[in-house]
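Q: So here's model.cif (mmCIF, C-alpha atoms).
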```
data_upload
#
loop_
_atom_site.label_atom_id
_atom_site.label_comp_id
_atom_site.auth_asym_id
_atom_site.auth_seq_id
_atom_site.Cartn_x
_atom_site.Cartn_y
_atom_site.Cartn_z
CA MET W 1 -7.31 -2.80 -42.22
CA THR W 2 -10.97 -2.02 -41.76
CA GLU W 3 -13.19 -3.23 -38.93
CA GLN W 4 -14.80 -5.65 -41.38
CA ASP W 5 -11.34 -7.12 -42.08
CA GLU W 6 -10.60 -8.01 -38.48
CA VAL W 7 -9.34 -11.53 -37.92
CA ILE W 8 -11.02 -13.84 -35.40
CA VAL W 9 -8.62 -16.32 -33.82
CA PRO W 10 -10.61 -18.86 -31.77
CA GLY W 11 -9.21 -20.12 -28.48
CA HIS W 12 -6.24 -17.75 -28.42
CA ASP W 13 -5.60 -14.83 -26.13
CA PRO W 14 -2.32 -12.91 -26.58
CA ASP W 15 -2.45 -11.82 -22.93
CA THR W 16 -1.32 -15.34 -22.05
CA ASP W 17 0.88 -16.00 -25.09
CA PRO W 18 4.60 -16.04 -24.16
CA GLU W 19 5.43 -15.02 -27.70
CA THR W 20 3.73 -11.64 -27.31
CA PRO W 21 5.17 -10.16 -24.09
CA ARG W 22 4.31 -6.57 -23.14
CA GLN W 23 7.32 -5.95 -20.93
CA ASP W 24 8.80 -2.51 -20.23
CA ARG W 25 5.41 -0.89 -20.78
CA PHE W 26 2.93 0.87 -18.51
CA ARG W 27 -0.40 -0.94 -18.87
CA ILE W 28 -3.67 0.69 -17.81
CA LEU W 29 -6.86 -1.32 -17.32
CA VAL W 30 -9.93 0.94 -17.47
CA CYS W 31 -13.11 -0.76 -16.28
CA ILE W 32 -16.07 0.37 -18.37
CA ASP W 33 -19.66 0.18 -17.14
CA GLY W 34 -21.33 2.93 -19.18
CA SER W 35 -21.21 5.47 -16.33
CA ASP W 36 -19.93 9.02 -16.69
CA GLU W 37 -17.20 8.22 -14.17
CA SER W 38 -15.87 5.35 -16.28
CA TYR W 39 -15.55 7.66 -19.30
CA ARG W 40 -13.82 10.28 -17.18
CA ALA W 41 -11.36 7.52 -16.38
CA VAL W 42 -10.95 6.85 -20.11
CA ARG W 43 -10.15 10.51 -20.67
CA TYR W 44 -7.59 10.47 -17.87
CA ALA W 45 -5.96 7.33 -19.26
CA ALA W 46 -5.85 8.99 -22.67
CA LYS W 47 -4.08 11.98 -21.17
CA MET W 48 -1.48 9.68 -19.62
CA ALA W 49 -0.96 7.79 -22.89
CA SER W 50 -0.94 10.77 -25.22
CA GLY W 51 2.49 11.16 -26.79
CA HIS W 52 3.89 8.13 -24.96
CA ASP W 53 4.45 4.95 -26.94
CA ASP W 54 5.20 2.95 -23.78
CA VAL W 55 1.64 3.25 -22.41
CA ASP W 56 -1.07 0.74 -23.39
CA ILE W 57 -4.78 1.14 -22.59
CA VAL W 58 -7.15 -1.79 -22.13
CA LEU W 59 -10.88 -1.04 -21.87
CA CYS W 60 -12.73 -3.88 -20.17
CA TYR W 61 -16.42 -4.60 -19.67
CA VAL W 62 -17.27 -7.56 -17.44
CA ARG W 63 -20.57 -9.29 -18.11
CA PRO W 64 -22.13 -11.92 -15.82
CA ILE W 65 -22.05 -15.33 -17.45
CA ASP W 66 -24.85 -15.59 -20.03
CA HIS W 67 -26.90 -12.91 -18.28
CA GLY W 68 -28.95 -10.76 -20.64
CA LEU W 69 -27.48 -12.33 -23.77
CA ARG W 70 -29.69 -11.53 -26.76
CA THR W 71 -28.55 -12.95 -30.09
CA GLY W 72 -31.92 -13.34 -31.79
CA GLY W 73 -31.26 -17.04 -32.39
CA LEU W 74 -27.92 -16.46 -34.14
CA GLN W 75 -25.23 -19.10 -33.95
CA MET W 76 -22.54 -18.15 -31.42
CA ASP W 77 -19.78 -17.92 -34.03
CA VAL W 78 -21.97 -15.53 -36.06
CA ALA W 79 -22.75 -13.50 -32.95
CA ARG W 80 -19.04 -13.24 -32.18
CA GLY W 81 -18.28 -12.07 -35.69
CA ASN W 82 -21.03 -9.48 -35.65
CA MET W 83 -19.89 -8.31 -32.25
CA ILE W 84 -16.38 -7.72 -33.49
CA GLN W 85 -17.73 -5.75 -36.45
CA TRP W 86 -20.00 -3.70 -34.15
CA GLY W 87 -23.03 -4.96 -36.07
CA ILE W 88 -24.98 -6.28 -33.08
CA GLU W 89 -25.65 -4.78 -29.64
CA LEU W 90 -24.49 -7.54 -27.31
CA PRO W 91 -24.16 -6.54 -23.63
CA GLY W 92 -21.28 -4.14 -23.06
CA ILE W 93 -20.45 -3.64 -26.73
CA LYS W 94 -21.95 -0.16 -26.92
CA TYR W 95 -19.96 0.87 -23.83
CA LEU W 96 -16.68 -0.40 -25.30
CA LYS W 97 -17.48 1.17 -28.65
CA LYS W 98 -18.09 4.53 -26.98
CA GLY W 99 -14.76 4.22 -25.16
CA ARG W 100 -12.96 3.35 -28.39
CA ASP W 101 -14.51 6.31 -30.19
CA LEU W 102 -13.55 8.59 -27.31
CA LEU W 103 -9.92 7.46 -27.56
CA ARG W 104 -10.02 8.19 -31.28
CA ASP W 105 -11.46 11.65 -30.68
CA LEU W 106 -8.68 12.32 -28.14
CA GLY W 107 -5.99 11.29 -30.65
CA VAL W 108 -4.79 8.19 -28.80
CA LEU W 109 -6.10 5.65 -31.32
CA ASP W 110 -5.89 6.07 -35.10
CA LYS W 111 -8.09 4.29 -37.63
CA ASP W 112 -5.05 3.05 -39.56
CA TRP W 113 -3.72 0.96 -36.65
CA ASP W 114 -3.55 -2.79 -37.26
CA GLN W 115 -6.52 -4.67 -35.81
CA ALA W 116 -7.08 -8.26 -34.75
CA ALA W 117 -9.93 -9.92 -32.89
CA TYR W 118 -9.58 -12.85 -30.52
CA HIS W 119 -11.96 -15.27 -28.85
CA THR W 120 -11.35 -17.50 -25.82
CA ASP W 121 -13.81 -20.22 -24.81
CA ILE W 122 -14.99 -19.98 -21.21
CA GLU W 123 -16.63 -22.98 -19.55
CA GLY W 124 -20.29 -22.27 -18.84
CA ALA W 125 -20.35 -19.15 -21.04
CA SER W 126 -21.58 -19.64 -24.61
CA LEU W 127 -20.20 -16.33 -25.79
CA GLY W 128 -16.83 -16.61 -24.01
CA ASP W 129 -14.27 -13.81 -23.78
CA ASN W 130 -13.76 -11.60 -26.84
CA LYS W 131 -11.45 -8.74 -27.55
CA ILE W 132 -10.05 -6.49 -30.25
CA VAL W 133 -6.41 -5.46 -30.21
CA TYR W 134 -5.42 -2.25 -32.02
CA THR W 135 -1.66 -1.94 -32.54
CA ALA W 136 0.31 1.04 -33.81
CA LYS W 137 3.54 0.71 -35.78
CA SER W 138 5.37 1.85 -32.64
CA GLY W 139 3.98 -1.16 -30.77
CA LYS W 140 1.56 0.87 -28.69
CA GLN W 141 -1.76 -0.89 -28.10
CA VAL W 142 -5.38 -0.17 -27.30
CA VAL W 143 -7.45 -3.22 -26.39
CA LEU W 144 -11.22 -3.63 -26.05
CA LYS W 145 -12.15 -6.63 -23.87
CA LEU W 146 -15.60 -8.12 -23.36
CA LYS W 147 -15.13 -10.51 -20.46
CA VAL W 148 -17.53 -12.92 -18.79
CA ALA W 149 -17.28 -13.85 -15.12
CA SER W 150 -19.43 -15.06 -12.25
CA ASP W 151 -18.79 -11.75 -10.47
CA ILE W 152 -17.70 -8.34 -11.78
CA ALA W 153 -14.91 -7.85 -9.25
CA ILE W 154 -13.65 -11.39 -9.77
CA GLY W 155 -13.63 -10.78 -13.52
CA ILE W 156 -11.57 -7.60 -13.15
CA LEU W 157 -9.09 -9.27 -10.80
CA ASP W 158 -8.85 -12.21 -13.19
CA GLN W 159 -8.12 -9.77 -16.02
CA TRP W 160 -5.19 -8.44 -13.99
CA GLU W 161 -3.81 -11.97 -13.84
CA LEU W 162 -3.93 -12.09 -17.65
CA GLY W 163 -2.47 -8.68 -18.32
CA GLN W 164 -0.29 -7.86 -15.29
CA TYR W 165 -1.41 -4.23 -15.35
CA ASP W 166 0.33 -1.35 -13.60
CA LEU W 167 -2.88 0.58 -12.94
CA ILE W 168 -6.57 -0.28 -12.70
CA MET W 169 -9.04 2.58 -13.11
CA ILE W 170 -12.64 2.14 -12.01
CA GLY W 171 -15.56 4.49 -11.35
CA ALA W 172 -16.69 4.89 -7.74
CA SER W 173 -19.80 2.89 -6.94
CA SER W 174 -23.01 4.82 -6.34
CA ARG W 175 -23.76 2.32 -3.59
CA TRP W 176 -21.04 3.72 -1.34
CA THR W 177 -22.07 5.68 1.75
CA LYS W 178 -20.17 7.74 4.27
CA LYS W 179 -20.00 4.60 6.41
CA GLY W 180 -18.12 2.74 3.70
CA ILE W 181 -18.92 -0.78 2.58
CA SER W 182 -22.23 -2.32 3.50
CA GLY W 183 -21.11 -5.77 4.57
CA PHE W 184 -18.57 -8.55 4.13
CA PHE W 185 -20.57 -10.49 1.53
CA ASP W 186 -21.71 -7.46 -0.47
CA PRO W 187 -18.88 -4.96 -0.82
CA ALA W 188 -18.97 -2.32 -3.55
CA VAL W 189 -17.15 -3.53 -6.65
CA ALA W 190 -14.72 -0.63 -6.71
CA GLU W 191 -13.76 -1.13 -3.08
CA LYS W 192 -13.27 -4.86 -3.53
CA ILE W 193 -10.89 -4.16 -6.40
CA ALA W 194 -9.02 -1.55 -4.37
CA ILE W 195 -8.61 -3.97 -1.46
CA HIS W 196 -7.47 -7.03 -3.41
CA ALA W 197 -5.75 -5.84 -6.61
CA PRO W 198 -1.97 -6.39 -6.67
CA CYS W 199 -1.37 -3.13 -8.56
CA SER W 200 -2.26 0.53 -8.11
CA VAL W 201 -5.99 1.31 -8.22
CA LEU W 202 -7.55 4.66 -9.14
CA ILE W 203 -11.12 5.21 -7.96
CA ALA W 204 -12.67 7.88 -10.20
CA ARG W 205 -15.04 10.41 -8.61
CA GLU W 206 -15.65 13.54 -10.69
CA LEU W 207 -12.19 12.95 -12.12
CA ASP W 208 -10.89 16.18 -13.61
CA ILE W 209 -7.56 16.44 -15.38
CA GLY W 210 -6.74 20.05 -14.58
CA HIS W 211 -6.16 20.28 -10.82
CA GLY W 212 -3.06 18.23 -10.11
CA HIS W 213 -2.10 15.42 -7.77
CA LEU W 214 -1.93 15.65 -3.98
CA ILE W 215 0.65 12.99 -3.06
CA CYS W 216 0.71 12.05 0.61
CA THR W 217 3.80 10.81 2.43
CA ASP W 218 4.52 9.65 5.97
CA GLY W 219 8.21 9.01 5.40
CA SER W 220 7.81 5.23 5.24
CA GLU W 221 9.39 3.08 2.56
CA ALA W 222 5.95 2.34 1.09
CA SER W 223 4.98 6.00 0.87
CA THR W 224 8.36 6.91 -0.64
CA LEU W 225 7.77 4.37 -3.39
CA ALA W 226 4.22 5.70 -3.83
CA VAL W 227 5.54 9.24 -4.23
CA GLU W 228 7.87 8.09 -6.97
CA LYS W 229 5.25 6.02 -8.81
CA ASP W 230 2.50 8.63 -8.73
CA ALA W 231 4.92 11.38 -9.69
CA TRP W 232 5.60 9.36 -12.84
CA ILE W 233 1.86 9.15 -13.52
CA ALA W 234 1.39 12.88 -12.85
CA SER W 235 4.28 13.72 -15.17
CA HIS W 236 2.75 11.62 -17.96
CA CYS W 237 -0.53 13.53 -17.76
CA GLN W 238 1.27 16.87 -17.23
CA CYS W 239 -0.37 17.32 -13.83
CA PRO W 240 1.22 19.57 -11.17
CA ILE W 241 2.38 17.84 -7.99
CA THR W 242 1.81 18.85 -4.36
CA LEU W 243 3.36 16.83 -1.53
CA MET W 244 1.58 16.55 1.82
CA SER W 245 2.38 15.06 5.20
CA VAL W 246 0.20 15.08 8.33
CA ALA W 247 1.53 15.15 11.90
CA LEU W 248 -0.63 13.61 14.60
CA ASP W 249 0.36 16.36 17.06
CA VAL W 250 2.44 19.52 17.29
CA GLU W 251 5.40 17.59 18.71
CA SER W 252 5.73 15.54 15.52
CA GLU W 253 5.23 18.43 13.10
CA GLY W 254 8.96 18.60 12.45
CA GLU W 255 8.89 15.00 11.26
CA ALA W 256 6.09 15.84 8.83
CA LEU W 257 8.10 18.76 7.48
CA GLN W 258 11.07 16.43 6.99
CA ASN W 259 8.87 13.90 5.18
CA VAL W 260 7.82 16.36 2.48
CA SER W 261 11.33 17.78 2.25
CA ASP W 262 12.83 14.33 1.68
CA ALA W 263 10.16 13.46 -0.90
CA GLN W 264 10.72 16.75 -2.71
CA GLN W 265 14.47 16.16 -2.85
CA MET W 266 13.96 12.62 -4.17
CA LEU W 267 11.74 13.89 -6.99
CA ARG W 268 14.13 16.74 -7.71
CA ASP W 269 16.91 14.15 -8.14
CA LEU W 270 14.64 12.35 -10.61
CA GLY W 271 14.07 15.55 -12.57
CA VAL W 272 10.46 15.98 -11.38
CA THR W 273 9.23 19.42 -10.30
CA VAL W 274 7.12 19.79 -7.17
CA ASP W 275 4.77 22.76 -7.27
CA ASN W 276 3.96 22.93 -3.56
CA THR W 277 4.40 21.22 -0.19
CA ILE W 278 1.89 21.11 2.65
CA THR W 279 2.08 19.96 6.26
CA LYS W 280 -0.91 19.67 8.57
CA VAL W 281 -1.49 18.69 12.19
CA GLY W 282 -4.46 16.52 13.09
CA ASN W 283 -6.28 13.38 12.03
CA PRO W 284 -4.59 12.19 8.81
CA VAL W 285 -7.81 10.95 7.18
CA GLU W 286 -9.74 14.16 7.86
CA GLU W 287 -6.87 16.47 6.88
CA ILE W 288 -6.13 14.61 3.65
CA ILE W 289 -9.79 14.53 2.59
CA GLU W 290 -10.24 18.25 3.31
CA GLU W 291 -7.10 19.32 1.46
CA GLY W 292 -7.55 16.74 -1.30
CA ALA W 293 -10.84 18.27 -2.45
CA ASN W 294 -8.75 20.95 -4.19
CA TYR W 295 -7.02 18.45 -6.48
CA SER W 296 -7.84 16.11 -9.34
CA LEU W 297 -6.88 13.18 -7.19
CA ILE W 298 -5.31 12.13 -3.91
CA ALA W 299 -2.43 9.65 -4.03
CA LEU W 300 -1.63 7.44 -1.03
CA ALA W 301 0.52 4.41 -0.38
CA ASP W 302 -1.10 1.07 0.29
CA SER W 303 -0.93 -0.07 3.91
CA GLY W 304 1.04 -3.15 2.90
CA LYS W 305 -1.44 -5.43 4.68
CA SER W 306 -3.08 -8.38 2.99
CA GLY W 307 -6.48 -7.84 1.39
CA LEU W 308 -8.29 -9.50 4.30
CA GLU W 309 -6.35 -7.43 6.86
CA ARG W 310 -7.16 -4.23 4.97
CA PHE W 311 -10.84 -5.19 5.01
CA PHE W 312 -11.08 -5.81 8.74
CA MET W 313 -8.49 -3.36 10.08
CA GLY W 314 -8.72 -0.56 7.57
CA SER W 315 -5.93 1.93 6.78
CA VAL W 316 -5.56 5.62 6.14
CA ALA W 317 -5.59 4.95 2.39
CA LEU W 318 -8.74 2.82 2.57
CA LYS W 319 -10.58 5.29 4.79
CA VAL W 320 -9.66 8.20 2.53
CA MET W 321 -10.81 6.21 -0.49
CA GLN W 322 -14.15 5.44 1.18
CA ASN W 323 -14.89 8.99 2.28
CA ALA W 324 -13.12 11.41 -0.09
CA HIS W 325 -15.18 13.72 -2.28
CA ASN W 326 -12.89 13.30 -5.28
CA SER W 327 -10.72 10.68 -6.97
CA VAL W 328 -8.21 8.60 -5.02
CA ILE W 329 -5.34 6.43 -6.21
CA ILE W 330 -3.95 3.77 -3.89
CA VAL W 331 -0.41 3.16 -5.07
CA ARG W 332 1.23 -0.27 -4.99
#
```
Rewrite the structure from the file as structure tokens, please.
A:
Amino acid sequence: MTEQDEVIVPGHDPDTDPETPRQDRFRILVCIDGSDESYRAVRYAAKMASGHDDVDIVLCYVRPIDHGLRTGGLQMDVARGNMIQWGIELPGIKYLKKGRDLLRDLGVLDKDWDQAAYHTDIEGASLGDNKIVYTAKSGKQVVLKLKVASDIAIGILDQWELGQYDLIMIGASSRWTKKGISGFFDPAVAEKIAIHAPCSVLIARELDIGHGHLICTDGSEASTLAVEKDAWIASHCQCPITLMSVALDVESEGEALQNVSDAQQMLRDLGVTVDNTITKVGNPVEEIIEEGANYSLIALADSGKSGLERFFMGSVALKVMQNAHNSVIIVR
């Protein structure tokens, strides 16, 4: 099927259709905004999905409701059709198209995959939500989603509700400073997603595939689960794994050593190789950030607090995410 043959199905979105479940799959939502960081995230997602038919990738661009819409007087149904066929530059289309072409160049998406286009009416938005679903014979999918929402972060979180993703990937905001977020009513989009998303969130900063994952553990149940989950991700992208634990003082250094030993044994039992283990003594945030600069990304467990509690109280994971020099994944 060619792009010109794509089928538009008004008012239907398979994300919410009980007849098209995507169970027993690892679903990655990559938030596209045209930045270099967002395309680094696409490359990383492609690496995870390459050779694995159980990994789906959804590229999503969120557009404010009816902001900047330029259709040249076209009827909305014509604009939708042209958008699907890449014949008109509606907001976000060029970013999604670039992401699609990148996935094709990386061998994740083939031109002979089945294609279908869907439209969902959204109150107050003349264009509504639109997406293209590319499906391989194996069932693997790549989805391009142009979504409208009153707020970018709200749109991304709403997309999670539709797709029940395992991982959200988003580029770090250029508005971040060393002091973190600027205020309660104006948080950076990436940080808002990281605080409130129900799933794991990867914040991409200079995301490079080749330097492995630094997975942090404190021996807690949450960090043990995070070790297991991120080890799965690292294995899918063929990234070496280093385990790290930080002791607050010399007296508790033995506990930190035990933490990495237990995590290493757990992964060994799962058939996952650990390249290295590290223990440090000091402030966990500072030690993790310093050591983490040597890796593609730092993996930490979520604090387990509610989104509002994370915002006001903070956590090691949140502070590392705010201040690290490289990519961070908060694992849930």
Q: Enumerate, as a list of chain:residue names, the residues matched when the PyMOL selection byres ((chain W and resi 169) around 8) is run on the file above.
A: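 Residues picked by the PyMOL selection byres ((chain W and resi 169) around 8): W:Ile28, W:Leu29, W:Val30, W:Cys31, W:Ala41, W:Leu167, W:Ile168, W:Ile170, W:Gly171, W:Val201, W:Leu202, W:Ile203, W:Ala204.
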Q: Quick one: of W:Val316, W:Ala197, W:Ile241, W:Ile152, who's nearest to Tyr295 in chain W, counting only C-alpha atoms?
A: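 The closest residue to Tyr295 in chain W is W:Ile241.
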Q: Given the PyMOL selection byres ((chain W and resi 101) around 12) and the file above, list the residues it selects as a short mmCIF file (atom, residue, chain, number, x, y, z; two decimals) with C-alpha atoms, in the frame of the given file.
A:
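Wrote result-v3.cif, looks like this:
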```
data_model
loop_
_atom_site.label_atom_id
_atom_site.label_comp_id
_atom_site.auth_asym_id
_atom_site.auth_seq_id
_atom_site.Cartn_x
_atom_site.Cartn_y
_atom_site.Cartn_z
CA TYR W 39 -15.55 7.66 -19.30
CA VAL W 42 -10.95 6.85 -20.11
CA ARG W 43 -10.15 10.51 -20.67
CA ALA W 46 -5.85 8.99 -22.67
CA LEU W 59 -10.88 -1.04 -21.87
CA LYS W 94 -21.95 -0.16 -26.92
CA TYR W 95 -19.96 0.87 -23.83
CA LEU W 96 -16.68 -0.40 -25.30
CA LYS W 97 -17.48 1.17 -28.65
CA LYS W 98 -18.09 4.53 -26.98
CA GLY W 99 -14.76 4.22 -25.16
CA ARG W 100 -12.96 3.35 -28.39
CA LEU W 102 -13.55 8.59 -27.31
CA LEU W 103 -9.92 7.46 -27.56
CA ARG W 104 -10.02 8.19 -31.28
CA ASP W 105 -11.46 11.65 -30.68
CA LEU W 106 -8.68 12.32 -28.14
CA GLY W 107 -5.99 11.29 -30.65
CA VAL W 108 -4.79 8.19 -28.80
CA LEU W 109 -6.10 5.65 -31.32
CA ASP W 110 -5.89 6.07 -35.10
CA LYS W 111 -8.09 4.29 -37.63
CA VAL W 142 -5.38 -0.17 -27.30
CA LEU W 144 -11.22 -3.63 -26.05
#
```
Q: Mind checking which residues fall within 8 Å of Ala153 in chain W, counting all atoms listed in the file, ignoring those fewer than 3 positions away in the same chain, and posting them as an MDAnalysis selection string?
A: chainID W and resid 156:157 189:190 192:193
Q: Could you write those residues out with C-alpha atoms, as an mmCIF file, keeping the file's coordinate frame?
A:
```cif
data_model
loop_
_atom_site.group_PDB
_atom_site.id
_atom_site.type_symbol
_atom_site.label_atom_id
_atom_site.label_comp_id
_atom_site.auth_asym_id
_atom_site.auth_seq_id
_atom_site.Cartn_x
_atom_site.Cartn_y
_atom_site.Cartn_z
ATOM 1 C CA ILE W 156 -11.570 -7.600 -13.150
ATOM 2 C CA LEU W 157 -9.090 -9.270 -10.800
ATOM 3 C CA VAL W 189 -17.150 -3.530 -6.650
ATOM 4 C CA ALA W 190 -14.720 -0.630 -6.710
ATOM 5 C CA LYS W 192 -13.270 -4.860 -3.530
ATOM 6 C CA ILE W 193 -10.890 -4.160 -6.400
#
```
Q: Measuring atom to atom with all atoms listed in the file, identify which of W:Thr135, W:Ser223, W:Ser296, W:Ser38 is nearest to Ala317 in chain W.
A: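 Closest residue, counting all atoms listed in the file: W:Ser223.
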Q: Which distance in Å separates CA of Asp218 in chain W and CA of Met48 in chain W, to one decimal?
A: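 Computing the Euclidean distance for CA of Asp218 in chain W and CA of Met48 in chain W yields 26.3 Å.
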Q: So how far away is CA of His325 in chain W from CA of Ser50 in chain W, in Å?
A: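 Value for the CA of Ser50 in chain W-CA of His325 in chain W distance: 27.2 Å.
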Q: On this structure, the PyMOL selection byres ((chain W and resi 268-278) around 12) would catch which residues? List them as number ranges by chain, sorted by chain and number.
A: W: 211-217, 227-236, 238-247, 253, 256-267, 279-281, 287-288, 291-292
Q: What is the distance between CA of Asp24 in chain W and CA of Cys199 in chain W, in Å to one decimal?
A: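 CA of Cys199 in chain W lies at a distance of 15.5 Å from CA of Asp24 in chain W.
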Q: Given only C-alpha atoms as the basis, pick out the residue of W:Gly128, W:Cys237, W:Gln115, W:Val320 nearest to Val55 in chain W.
A: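 Distance minimum relative to Val55 in chain W lands on W:Cys237.
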Q: Pick out the residues sitting within 8 Å of Asn130 in chain W, and hand them over as a list of chain:residue names; count all atoms listed in the file, and ignore anything fewer than 6 positions along from it in its own chain.
A: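 Here the answer would be W:Arg80, W:Ala117, W:Tyr118, W:His119, W:Thr120, W:Lys145, W:Leu146, W:Lys147.
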Q: Skipping near chain neighbours, those fewer than 4 positions away, what residues fall within 8 Å of Ala136 in chain W using all atoms listed in the file, listed as a list in words?
A: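 Here the answer would be Trp113, Asp114, Lys140 and Gln141 of chain W.
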